[in-house]
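A short write-up of the structure that comes next.
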Amino acid sequence: MKNILKKTYYRFTKKDQLKSYNIKLSYIFHTEKIYDDDLFDQLMRFCKSYFEFTNVKPICAIIPPTNALLKKEMMVNNFSEEEFINRVNKLSNFADIGYHGHFYLNNKPTYFNAIHCNSYKKSDLTEQFINDINWFDKNKISHNNIYSAGWWFMNQDLIALLVKYGFQFDFSFSKSPYFYNQFSNKILNLNKIKFGENFEVQIAKNKKITCIQNLIGFHSSKFPEDFDRNIMKLIDSKNNIIGVVNSHDYDLSYENTLNCIKYQIKFNKVKFCSYQDLLSENNIKLIKLITSD
Amino acid sequence: MSIYDIKKLDIKNKNSKIEITNLINEVYVRKYKNKIFLNTYTRNQKTVYLGAYLKNELVALNIFIAHELIFNNKNIIAYQSCWSATSKNHRKKGLFSLIINSAKKLLDGAFIFGFPNHNSGPIFLNKLGFRKIDLAKVNIPVKFFPNFFLGYYLQTIIGNNKFSVKNCFIPIESELIDLKKNEYNDKIKTFSSYNNIIWGKIKKKQTKIGTLSFFCIGGIQVNKPKLLAPLFKEIVKSENIDFIQVIASENSSLWSLFRIKTPAPKTEPLIIYDLKTNTTNSRFNFINGIKDVF
């Protein structure tokens, strides 16, 4: 019933309603199940097809196996760290690798122990973050100084850690109610950041990170027009829109997503870019954050 | 100079556990085995068992449950005073006050709090320098037209700015869930989505119209206030209940999520004694579940 209604509704809506916003997009995967053969195979195929259509690579922000939950899942699936590294290296030929952080209170990997703004322990965050970063260094895997937050958790301590460890691109802030948290929403509102507007966060002199917004989660429906409708709900200015859209590797809808990408290129003239090309050229807002460190 | 010695008991020591259990069973006329420790030993392992000894005999006890809280993005420890017990032959000798006053010097934390009954409440407030914060409550009827009533009682949150946790002491709900599950197992029900958590248990209440069943909320972890309402709907969907009850400290910022609250004069109030932190202008996001008697 819902599909019939949608089909009828979209028959009468314009197909190029986003065209005037000059949208620049990149696709980011929260890559969490590299150990799963089928999912990894699908991810590789998707990255290759994505490149064929857009001429650029998507971003695959990975959880390193130092993460307690991933470690457990790899063990259950009898998947070694060596195999994991091999797969990340393969993936890096077709995607730009980044870091996707999920942190737990007491390093106990359950849903209820997930670190968020209001269930938080700085010492746990710091310890797990450093372990993760060391894993990338130790295994000579570049995260390209890209970060994307697990569960959309972001706060001043995490952003300070990112800056301290040289991260240059963050994809954790969002204006979508499903993604923002109390900290990120406050930052965006206080500084009047518009939907799809890049900004920089400065922690100390010459120490800053560029934040590129996560616009929406890439829907899995068969209607590419859903993308337009969801984006239209969030647009709050006439400015150009720059950002990323996301999905997990495990909830990717292979066919529908590729169809939607083709649709966006064709009707809305959306430009799919590499993460470096998402940097806006001028007038980027600088937000100065005071942290305890 | 008191004839009693105040000592911390180490519950890793089997004899100390026996001493505590025996004293409490004598005073409360119970046959507890491990309940006292399941009820008080939080995963941070900082709970303090403070006893008064006459020679080598434990004659009075007070437990201070160590709760890890978040306050303006920092973690602090606060102690909940509970399980006060004085052996029959040593009552009316000021042992309760002696232990609490010693705790003020010994405990390394932000503040001591409690929910005292009508016996100990006046002593805490009039003799021991604690201050009182009343509790407030809301009962949301959900037996009939639940969506209508939830819509009526719950605030519509636009953005996250209306819900602020500035200067609020926030419990780490997963620590409380662990603690309560130790004691009550599956009776503790948890609901979660979009990084929000609500937990609690089903209770019964006798009224003039019969026995009512309600979901007593033990704690709410809010990370996306705008997406909290679906969790309430999930509770209604999965539990056969007449109403949902929230009892929380009157100054909790969680009340900004509800349209209505009324005083809860029959419920034991929250009492506070500041240790390292001046909490005068702070708010306490404490819901019923933090109580040792939840």
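Please note that chains go A, B, ... in the order of the structure tokens, that every chain numbers its residues from 1, and that ligands are numbered from 1 in the order shown.
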Practice item. Please determine the contact residues of chain A with respect to chain B at a cut-off of 6 Å, counting only C-alpha atoms, and supply them as a PyMOL selection string. Key: chain A and resi 112-113+119+181
Next, write the just-selected residues to a file, as an mmCIF file, in the first residue's frame, keeping N, CA and C atoms as the atom set.
```cif
data_model
loop_
_atom_site.group_PDB
_atom_site.id
_atom_site.type_symbol
_atom_site.label_atom_id
_atom_site.label_comp_id
_atom_site.auth_asym_id
_atom_site.auth_seq_id
_atom_site.Cartn_x
_atom_site.Cartn_y
_atom_site.Cartn_z
ATOM 1 N N PHE A 112 24.325 -1.637 25.887
ATOM 2 C CA PHE A 112 24.101 -0.730 27.011
ATOM 3 C C PHE A 112 25.383 -0.059 27.482
ATOM 4 N N ASN A 113 26.509 -0.625 27.125
ATOM 5 C CA ASN A 113 27.777 -0.022 27.533
ATOM 6 C C ASN A 113 28.370 0.891 26.461
ATOM 7 N N SER A 119 26.526 8.708 28.608
ATOM 8 C CA SER A 119 27.001 7.469 29.237
ATOM 9 C C SER A 119 28.482 7.413 28.871
ATOM 10 N N ASN A 181 23.944 14.102 18.028
ATOM 11 C CA ASN A 181 23.798 13.911 19.461
ATOM 12 C C ASN A 181 23.803 15.283 20.122
#
```
Review point. Could you name the residues that touch Tyr254 of chain A at 12 Å or less, counting only C-alpha atoms, but leaving out those on the same chain fewer than 5 positions away, as an MDAnalysis selection string?
Key: chainID A and resid 39 41:50 218:222 247:249 259:261
**Study point:** Near-segment 20-27 of chain B list (8 Å; only C-alpha atoms; drop same-chain fewer than 4 positions) as a ChimeraX atom specification
**Key:** /B:16,31-34,36,58-61,83,85-88
Could those selected residues go to a file with N, CA and C atoms, as a compact mmCIF listing (two decimals), in the first residue's frame?
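part15.txt, written as the output of this step:
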```txt
# COMPACT_ATOMS: atom_id res chain seq x y z
N SER B 16 34.68 -10.95 56.71
CA SER B 16 33.97 -9.66 56.73
C SER B 16 32.57 -9.82 56.15
N LYS B 31 16.99 -13.69 56.44
CA LYS B 31 17.97 -14.77 56.26
C LYS B 31 18.70 -14.56 54.94
N TYR B 32 19.20 -13.35 54.76
CA TYR B 32 19.90 -13.04 53.52
C TYR B 32 21.20 -13.84 53.43
N LYS B 33 21.53 -14.20 52.19
CA LYS B 33 22.84 -14.84 51.98
C LYS B 33 23.74 -13.86 51.23
N ASN B 34 23.40 -13.64 49.97
CA ASN B 34 24.28 -12.78 49.16
C ASN B 34 23.60 -11.49 48.74
N ILE B 36 22.71 -8.74 50.08
CA ILE B 36 23.27 -7.45 50.51
C ILE B 36 24.36 -6.99 49.53
N LEU B 58 31.63 -6.64 65.38
CA LEU B 58 30.94 -5.66 64.54
C LEU B 58 29.57 -5.41 65.16
N VAL B 59 29.32 -4.15 65.57
CA VAL B 59 28.05 -3.88 66.26
C VAL B 59 27.16 -2.92 65.50
N ALA B 60 27.72 -2.23 64.52
CA ALA B 60 26.87 -1.35 63.68
C ALA B 60 27.51 -1.23 62.31
N LEU B 61 26.66 -0.94 61.34
CA LEU B 61 27.15 -0.93 59.96
C LEU B 61 26.37 0.08 59.13
N TRP B 83 21.42 0.57 54.02
CA TRP B 83 21.63 -0.61 54.88
C TRP B 83 22.24 -0.23 56.25
N ALA B 85 22.48 -0.44 60.09
CA ALA B 85 22.09 -1.49 61.04
C ALA B 85 22.90 -1.35 62.32
N THR B 86 22.20 -1.33 63.45
CA THR B 86 22.89 -1.30 64.75
C THR B 86 22.38 -2.46 65.59
N SER B 87 23.29 -3.22 66.13
CA SER B 87 22.92 -4.37 66.95
C SER B 87 22.10 -3.91 68.17
N LYS B 88 21.13 -4.72 68.53
CA LYS B 88 20.15 -4.38 69.58
C LYS B 88 20.79 -3.79 70.85
```
**Study point:** 10 Å contact set for Lys164 of chain A, only C-alpha atoms, chain neighbours under 2 positions out, as a VMD selection string
**Key:** chain A and resid 158 to 162 166 to 167 203 to 204 207 to 209
Store the residues picked out above in a file with all heavy atoms, as a PDB file, in the first residue's frame.
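Full text of result-v5.pdb as output:
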```
ATOM      1  N   LEU A 158      36.708  13.702  22.346  1.00  0.00           N
ATOM      2  CA  LEU A 158      36.995  12.928  21.135  1.00  0.00           C
ATOM      3  C   LEU A 158      37.559  13.836  20.042  1.00  0.00           C
ATOM      4  O   LEU A 158      38.543  13.485  19.370  1.00  0.00           O
ATOM      5  CB  LEU A 158      35.728  12.212  20.655  1.00  0.00           C
ATOM      6  CG  LEU A 158      35.843  11.404  19.358  1.00  0.00           C
ATOM      7  CD1 LEU A 158      36.995  10.407  19.405  1.00  0.00           C
ATOM      8  CD2 LEU A 158      34.552  10.653  19.059  1.00  0.00           C
ATOM      9  N   ILE A 159      36.985  14.990  19.904  1.00  0.00           N
ATOM     10  CA  ILE A 159      37.478  15.879  18.847  1.00  0.00           C
ATOM     11  C   ILE A 159      38.905  16.333  19.172  1.00  0.00           C
ATOM     12  O   ILE A 159      39.749  16.461  18.273  1.00  0.00           O
ATOM     13  CB  ILE A 159      36.493  17.039  18.569  1.00  0.00           C
ATOM     14  CG1 ILE A 159      36.599  17.439  17.097  1.00  0.00           C
ATOM     15  CG2 ILE A 159      36.693  18.243  19.443  1.00  0.00           C
ATOM     16  CD1 ILE A 159      35.357  18.044  16.523  1.00  0.00           C
ATOM     17  N   ALA A 160      39.184  16.505  20.461  1.00  0.00           N
ATOM     18  CA  ALA A 160      40.555  16.872  20.859  1.00  0.00           C
ATOM     19  C   ALA A 160      41.526  15.733  20.529  1.00  0.00           C
ATOM     20  O   ALA A 160      42.652  15.971  20.077  1.00  0.00           O
ATOM     21  CB  ALA A 160      40.595  17.204  22.348  1.00  0.00           C
ATOM     22  N   LEU A 161      41.073  14.494  20.750  1.00  0.00           N
ATOM     23  CA  LEU A 161      41.923  13.340  20.414  1.00  0.00           C
ATOM     24  C   LEU A 161      42.177  13.279  18.905  1.00  0.00           C
ATOM     25  O   LEU A 161      43.299  13.017  18.463  1.00  0.00           O
ATOM     26  CB  LEU A 161      41.254  12.033  20.857  1.00  0.00           C
ATOM     27  CG  LEU A 161      41.366  11.642  22.324  1.00  0.00           C
ATOM     28  CD1 LEU A 161      40.415  10.492  22.640  1.00  0.00           C
ATOM     29  CD2 LEU A 161      42.798  11.244  22.686  1.00  0.00           C
ATOM     30  N   LEU A 162      41.130  13.517  18.137  1.00  0.00           N
ATOM     31  CA  LEU A 162      41.277  13.465  16.675  1.00  0.00           C
ATOM     32  C   LEU A 162      42.302  14.489  16.205  1.00  0.00           C
ATOM     33  O   LEU A 162      43.178  14.184  15.379  1.00  0.00           O
ATOM     34  CB  LEU A 162      39.926  13.725  15.993  1.00  0.00           C
ATOM     35  CG  LEU A 162      38.871  12.625  16.143  1.00  0.00           C
ATOM     36  CD1 LEU A 162      37.499  13.108  15.684  1.00  0.00           C
ATOM     37  CD2 LEU A 162      39.269  11.376  15.367  1.00  0.00           C
ATOM     38  N   GLY A 166      46.256  13.977  14.581  1.00  0.00           N
ATOM     39  CA  GLY A 166      46.472  14.410  13.197  1.00  0.00           C
ATOM     40  C   GLY A 166      45.344  14.148  12.222  1.00  0.00           C
ATOM     41  O   GLY A 166      45.551  14.217  11.002  1.00  0.00           O
ATOM     42  N   PHE A 167      44.163  13.823  12.717  1.00  0.00           N
ATOM     43  CA  PHE A 167      43.049  13.622  11.777  1.00  0.00           C
ATOM     44  C   PHE A 167      42.673  14.957  11.134  1.00  0.00           C
ATOM     45  O   PHE A 167      42.665  15.993  11.790  1.00  0.00           O
ATOM     46  CB  PHE A 167      41.837  13.008  12.498  1.00  0.00           C
ATOM     47  CG  PHE A 167      41.984  11.536  12.703  1.00  0.00           C
ATOM     48  CD1 PHE A 167      42.727  11.042  13.783  1.00  0.00           C
ATOM     49  CD2 PHE A 167      41.432  10.633  11.818  1.00  0.00           C
ATOM     50  CE1 PHE A 167      42.891   9.690  13.974  1.00  0.00           C
ATOM     51  CE2 PHE A 167      41.597   9.267  12.001  1.00  0.00           C
ATOM     52  CZ  PHE A 167      42.337   8.792  13.072  1.00  0.00           C
ATOM     53  N   ILE A 203      41.035  23.431  18.093  1.00  0.00           N
ATOM     54  CA  ILE A 203      41.216  23.079  19.495  1.00  0.00           C
ATOM     55  C   ILE A 203      42.274  23.978  20.129  1.00  0.00           C
ATOM     56  O   ILE A 203      42.112  24.497  21.215  1.00  0.00           O
ATOM     57  CB  ILE A 203      41.642  21.594  19.645  1.00  0.00           C
ATOM     58  CG1 ILE A 203      40.568  20.676  19.070  1.00  0.00           C
ATOM     59  CG2 ILE A 203      41.955  21.234  21.082  1.00  0.00           C
ATOM     60  CD1 ILE A 203      39.246  20.691  19.800  1.00  0.00           C
ATOM     61  N   ALA A 204      43.361  24.137  19.441  1.00  0.00           N
ATOM     62  CA  ALA A 204      44.417  25.040  19.903  1.00  0.00           C
ATOM     63  C   ALA A 204      44.967  25.732  18.654  1.00  0.00           C
ATOM     64  O   ALA A 204      44.535  25.427  17.539  1.00  0.00           O
ATOM     65  CB  ALA A 204      45.510  24.242  20.600  1.00  0.00           C
ATOM     66  N   LYS A 207      45.720  23.975  15.384  1.00  0.00           N
ATOM     67  CA  LYS A 207      45.311  22.575  15.512  1.00  0.00           C
ATOM     68  C   LYS A 207      43.820  22.487  15.243  1.00  0.00           C
ATOM     69  O   LYS A 207      43.003  22.837  16.096  1.00  0.00           O
ATOM     70  CB  LYS A 207      45.629  22.053  16.914  1.00  0.00           C
ATOM     71  CG  LYS A 207      47.100  21.796  17.118  1.00  0.00           C
ATOM     72  CD  LYS A 207      47.340  21.056  18.398  1.00  0.00           C
ATOM     73  CE  LYS A 207      48.790  20.590  18.463  1.00  0.00           C
ATOM     74  NZ  LYS A 207      49.084  19.877  19.695  1.00  0.00           N
ATOM     75  N   LYS A 208      43.485  22.055  14.053  1.00  0.00           N
ATOM     76  CA  LYS A 208      42.064  22.023  13.711  1.00  0.00           C
ATOM     77  C   LYS A 208      41.731  20.843  12.802  1.00  0.00           C
ATOM     78  O   LYS A 208      42.627  20.199  12.253  1.00  0.00           O
ATOM     79  CB  LYS A 208      41.655  23.344  13.079  1.00  0.00           C
ATOM     80  CG  LYS A 208      42.417  23.707  11.835  1.00  0.00           C
ATOM     81  CD  LYS A 208      42.078  25.126  11.405  1.00  0.00           C
ATOM     82  CE  LYS A 208      42.835  25.432  10.117  1.00  0.00           C
ATOM     83  NZ  LYS A 208      42.632  26.763   9.643  1.00  0.00           N
ATOM     84  N   ILE A 209      40.445  20.609  12.684  1.00  0.00           N
ATOM     85  CA  ILE A 209      39.967  19.506  11.856  1.00  0.00           C
ATOM     86  C   ILE A 209      38.802  20.021  11.008  1.00  0.00           C
ATOM     87  O   ILE A 209      38.014  20.841  11.474  1.00  0.00           O
ATOM     88  CB  ILE A 209      39.558  18.304  12.735  1.00  0.00           C
ATOM     89  CG1 ILE A 209      39.188  17.105  11.879  1.00  0.00           C
ATOM     90  CG2 ILE A 209      38.418  18.633  13.679  1.00  0.00           C
ATOM     91  CD1 ILE A 209      39.130  15.795  12.678  1.00  0.00           C
TER      92      ILE A 209
END
```
Exercise for review: Identify, on the basis of only C-alpha atoms, every residue whose closest approach to Lys189 of chain B does not exceed 6 Å; exclude the query and any residue fewer than 6 positions from it along the same chain; express the result as a ChimeraX atom specification.
Suggested key: /B:199-201
Expected file: the selected residues, all heavy atoms, as a compact mmCIF listing (two decimals), in the first residue's frame:
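Produced file result_38.txt, reproduced below:
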```
# COMPACT_ATOMS: atom_id res chain seq x y z
N TRP B 199 14.85 1.73 31.35
CA TRP B 199 14.78 0.43 32.04
C TRP B 199 13.94 0.57 33.30
O TRP B 199 13.71 1.67 33.81
CB TRP B 199 16.19 -0.10 32.36
CG TRP B 199 16.97 0.70 33.35
CD1 TRP B 199 17.75 1.80 33.10
CD2 TRP B 199 17.01 0.51 34.77
NE1 TRP B 199 18.28 2.28 34.26
CE2 TRP B 199 17.86 1.52 35.30
CE3 TRP B 199 16.44 -0.41 35.63
CZ2 TRP B 199 18.14 1.62 36.67
CZ3 TRP B 199 16.72 -0.32 37.00
CH2 TRP B 199 17.56 0.69 37.49
N GLY B 200 13.47 -0.58 33.77
CA GLY B 200 12.65 -0.54 34.99
C GLY B 200 12.08 -1.90 35.26
O GLY B 200 12.57 -2.91 34.74
N LYS B 201 11.04 -1.93 36.09
CA LYS B 201 10.39 -3.22 36.33
C LYS B 201 8.89 -3.04 36.56
O LYS B 201 8.44 -1.95 36.88
CB LYS B 201 11.06 -3.99 37.47
CG LYS B 201 11.00 -3.37 38.82
CD LYS B 201 11.73 -4.30 39.81
CE LYS B 201 11.63 -3.76 41.21
NZ LYS B 201 12.31 -4.59 42.18
```
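Compared by their closest atoms to Asn155 of chain A, and using only C-alpha atoms, the residues A:Val88, A:Ile284, A:Leu289, A:Ile242 rank with A:Leu289 nearest.
Using only C-alpha atoms for every distance, the candidate list A:Phe12, A:Phe29, A:Phe103, A:Phe195 yields A:Phe195 as the residue closest to Leu234 of chain A.
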